[in-house]
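Colleague: My structure is below; once you've seen it, I'll send some questions.
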Amino acid sequence: MTFRNSYEDSRRAEAYARLEFPGTYHLAYRDIPAIINEHVKGNRALDFGCGAGRSTRFLQRLGFDVIGIDISEDMIRKANEIDPGGPYHLVKDGEFHPRGKREYDLVLSAFTFDNIPTAEKKIKLFKEIRGLLNPEGILISLVSSPEIYINEWASFSTKNYPENKRAKSGDVVRIIITAIGDNRPVEDIIWTHESYLEVYQKSGLRVNALYKPLATGEEPYQWINETEIAPWVIYVLKK
């Protein structure tokens with residue numbers, strides 16, 4: 001199946017720009033402040049794959065001096081509309097180069113690698129991110145678990161795509177985000193835990209901690225599988 005980045009799309013950017021942290025997305029970001037507090041020293045941060053700036057503004061609220069970068073012109077345009085004069089930069093796909101020699105205490109990559117199609121490209125980008133970290137710097141890699149593509153969720157649906165159950169690392173899978181006003185399926189690349197470990201090792205990164213956030217049942221959302229199956233995986237990585 002040919003893969004295209006679903007987020008390089010003006011209609012998708014309009015819908016996604018209105019998205020904050022509802023439902024299943026709440027679990028992706030809920031534990032990030034505590035994870036940062038435990039593992040990160042310093043306040044210089046890069047939001048790698050910032051989209052419409054949701055994660056960038058999240059880090060700003062946590063007190064970080066942060067820059068957001070993305071390959072989608074539509075997403076960066078929306079980020080600047082929401083936050084005029086904000087720290088958002090458009091970079092070319094496959095031509096990501098650090099700006100200057102600044103070293104970061106934290107690089108956050110939230111969902112970005114769900115849309116990177118090959119191991120070779122993942123490794124290349126992770127190596128470049130590794131080069132941006134200072135000696136004690138941390139990369140937080142927030143990715144979709146393989147389980148998200150074969151179950152139903154408060155904010156997502158996959159019931160129309162039973163073929164996802166046969167997918168292996170590197171395959172295209174489809175999922176509908178029910179939390180936004182665009183019901184077209186998003187195409188992602190599924191990637192297993194074992195495959196991520198291999199990519200990290202080849203990139204010169206080591207896993208310092210691993211989190212699989214579950215709902216407690218006390219949140220103000222009508223959960224479906226979130227209390228029993230983790231929709232996200234959060235890797236804390238170091239050089």
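Lettering and numbering for the structure tokens are positional, with chains as A, B, ... in the shown order, residues counted from 1 in each chain, and ligands counted from 1 in the shown order.
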Considering only C-alpha atoms, tabulate each residue of stretch 32-105 of chain A that lies at most 12 Å from stretch 140-148 of chain A along with its nearest interatomic pair and the corresponding distance in Å to one decimal; arrange the rows by chain and ascending residue number and present them as CSV.

Modeller:
```
residue,atom,partner,partner_atom,distance
A:Ile32,CA,A:Ile140,CA,8.8
A:Pro33,CA,A:Ile140,CA,11.4
A:Ile35,CA,A:Ile140,CA,9.0
A:Ile36,CA,A:Ile140,CA,8.7
A:His39,CA,A:Ile140,CA,9.7
A:Val40,CA,A:Ile140,CA,9.8
A:Ala45,CA,A:Ile140,CA,10.8
A:Leu46,CA,A:Ile140,CA,10.5
A:Asp47,CA,A:Ile140,CA,9.9
A:Phe48,CA,A:Ser141,CA,9.6
A:Gly49,CA,A:Ser141,CA,11.1
A:Ser55,CA,A:Leu142,CA,11.1
A:Asp105,CA,A:Ile140,CA,10.8
```

Colleague: Limited to N, CA and C atoms, could you put the picked residues into a file as a PDB file, in the first residue's frame?

Modeller:
```
ATOM      1  N   ILE A  32       3.242  13.251  31.097  1.00  0.00           N
ATOM      2  CA  ILE A  32       4.451  13.900  30.584  1.00  0.00           C
ATOM      3  C   ILE A  32       5.085  14.854  31.599  1.00  0.00           C
ATOM      4  N   PRO A  33       4.307  15.718  32.297  1.00  0.00           N
ATOM      5  CA  PRO A  33       4.955  16.607  33.279  1.00  0.00           C
ATOM      6  C   PRO A  33       5.741  15.848  34.339  1.00  0.00           C
ATOM      7  N   ILE A  35       7.005  12.810  34.065  1.00  0.00           N
ATOM      8  CA  ILE A  35       8.142  12.171  33.401  1.00  0.00           C
ATOM      9  C   ILE A  35       9.262  13.179  33.192  1.00  0.00           C
ATOM     10  N   ILE A  36       8.913  14.365  32.752  1.00  0.00           N
ATOM     11  CA  ILE A  36       9.903  15.425  32.561  1.00  0.00           C
ATOM     12  C   ILE A  36      10.555  15.775  33.885  1.00  0.00           C
ATOM     13  N   HIS A  39      13.117  13.068  34.749  1.00  0.00           N
ATOM     14  CA  HIS A  39      14.234  12.734  33.869  1.00  0.00           C
ATOM     15  C   HIS A  39      14.973  13.926  33.246  1.00  0.00           C
ATOM     16  N   VAL A  40      14.349  15.090  33.170  1.00  0.00           N
ATOM     17  CA  VAL A  40      14.926  16.201  32.403  1.00  0.00           C
ATOM     18  C   VAL A  40      15.509  17.264  33.319  1.00  0.00           C
ATOM     19  N   ALA A  45      14.204  23.153  24.878  1.00  0.00           N
ATOM     20  CA  ALA A  45      13.459  22.031  24.301  1.00  0.00           C
ATOM     21  C   ALA A  45      13.189  22.229  22.819  1.00  0.00           C
ATOM     22  N   LEU A  46      13.068  21.113  22.109  1.00  0.00           N
ATOM     23  CA  LEU A  46      12.665  21.074  20.711  1.00  0.00           C
ATOM     24  C   LEU A  46      11.453  20.174  20.594  1.00  0.00           C
ATOM     25  N   ASP A  47      10.397  20.657  19.941  1.00  0.00           N
ATOM     26  CA  ASP A  47       9.218  19.845  19.638  1.00  0.00           C
ATOM     27  C   ASP A  47       9.366  19.365  18.202  1.00  0.00           C
ATOM     28  N   PHE A  48       9.744  18.106  18.037  1.00  0.00           N
ATOM     29  CA  PHE A  48      10.065  17.541  16.725  1.00  0.00           C
ATOM     30  C   PHE A  48       8.800  16.969  16.109  1.00  0.00           C
ATOM     31  N   GLY A  49       8.293  17.651  15.073  1.00  0.00           N
ATOM     32  CA  GLY A  49       7.015  17.274  14.478  1.00  0.00           C
ATOM     33  C   GLY A  49       5.888  17.944  15.228  1.00  0.00           C
ATOM     34  N   SER A  55       1.798  20.456  21.090  1.00  0.00           N
ATOM     35  CA  SER A  55       2.838  20.008  22.017  1.00  0.00           C
ATOM     36  C   SER A  55       3.810  21.129  22.358  1.00  0.00           C
ATOM     37  N   ASP A 105      18.074  20.178  26.137  1.00  0.00           N
ATOM     38  CA  ASP A 105      17.863  19.365  27.332  1.00  0.00           C
ATOM     39  C   ASP A 105      16.768  18.331  27.088  1.00  0.00           C
TER      40      ASP A 105
END
```

Colleague: Set the distance at 9 Å and use only C-alpha atoms: which residues neighbour A:Gly42 once local chain neighbours fewer than 6 positions away are removed? I'd like the list as a ChimeraX atom specification.

Modeller: /A:64,104-106,137

Colleague: For the selection just defined, write its residues with C-alpha atoms to a file, as a short mmCIF file (atom, residue, chain, number, x, y, z; two decimals), in the first residue's frame.

Modeller:
```cif
data_model
loop_
_atom_site.label_atom_id
_atom_site.label_comp_id
_atom_site.auth_asym_id
_atom_site.auth_seq_id
_atom_site.Cartn_x
_atom_site.Cartn_y
_atom_site.Cartn_z
CA PHE A 64 10.40 25.42 28.52
CA TYR A 104 18.75 20.63 23.88
CA ASP A 105 17.86 19.36 27.33
CA LEU A 106 14.70 17.83 25.91
CA GLY A 137 19.67 15.47 27.24
#
```

Colleague: Would you return as a PyMOL selection string the members of stretch 153-233 of chain A that DSSP assigns to helix (DSSP H, G or I) on this structure's backbone?

Modeller: chain A and resi 162-166+193-202

Colleague: Would you pick out the contacts of A:Leu90 at 9 Å or less, using only C-alpha atoms, so that residues sharing its chain but fewer than 3 positions from it are not included, and give the list as number ranges by chain?

Modeller: A: 68-73, 76

Colleague: Restricted to N, CA and C atoms, what would the selected residues look like written as a PDB file, in the first residue's frame?

Modeller:
```pdb
ATOM      1  N   GLY A  68       9.392  24.672  17.829  1.00  0.00           N
ATOM      2  CA  GLY A  68       8.644  23.609  17.167  1.00  0.00           C
ATOM      3  C   GLY A  68       8.982  23.547  15.695  1.00  0.00           C
ATOM      4  N   ILE A  69       9.209  22.354  15.164  1.00  0.00           N
ATOM      5  CA  ILE A  69       9.498  22.189  13.734  1.00  0.00           C
ATOM      6  C   ILE A  69       8.584  21.122  13.147  1.00  0.00           C
ATOM      7  N   ASP A  70       8.253  21.295  11.851  1.00  0.00           N
ATOM      8  CA  ASP A  70       7.389  20.329  11.167  1.00  0.00           C
ATOM      9  C   ASP A  70       7.617  20.452   9.662  1.00  0.00           C
ATOM     10  N   ILE A  71       7.290  19.353   8.931  1.00  0.00           N
ATOM     11  CA  ILE A  71       7.443  19.364   7.478  1.00  0.00           C
ATOM     12  C   ILE A  71       6.176  19.818   6.766  1.00  0.00           C
ATOM     13  N   SER A  72       5.062  19.940   7.497  1.00  0.00           N
ATOM     14  CA  SER A  72       3.783  20.283   6.878  1.00  0.00           C
ATOM     15  C   SER A  72       3.574  21.790   6.866  1.00  0.00           C
ATOM     16  N   GLU A  73       3.527  22.367   5.671  1.00  0.00           N
ATOM     17  CA  GLU A  73       3.302  23.806   5.550  1.00  0.00           C
ATOM     18  C   GLU A  73       1.941  24.197   6.113  1.00  0.00           C
ATOM     19  N   ILE A  76       2.159  24.228  10.016  1.00  0.00           N
ATOM     20  CA  ILE A  76       2.913  25.379  10.520  1.00  0.00           C
ATOM     21  C   ILE A  76       2.115  26.666  10.341  1.00  0.00           C
TER      22      ILE A  76
END
```
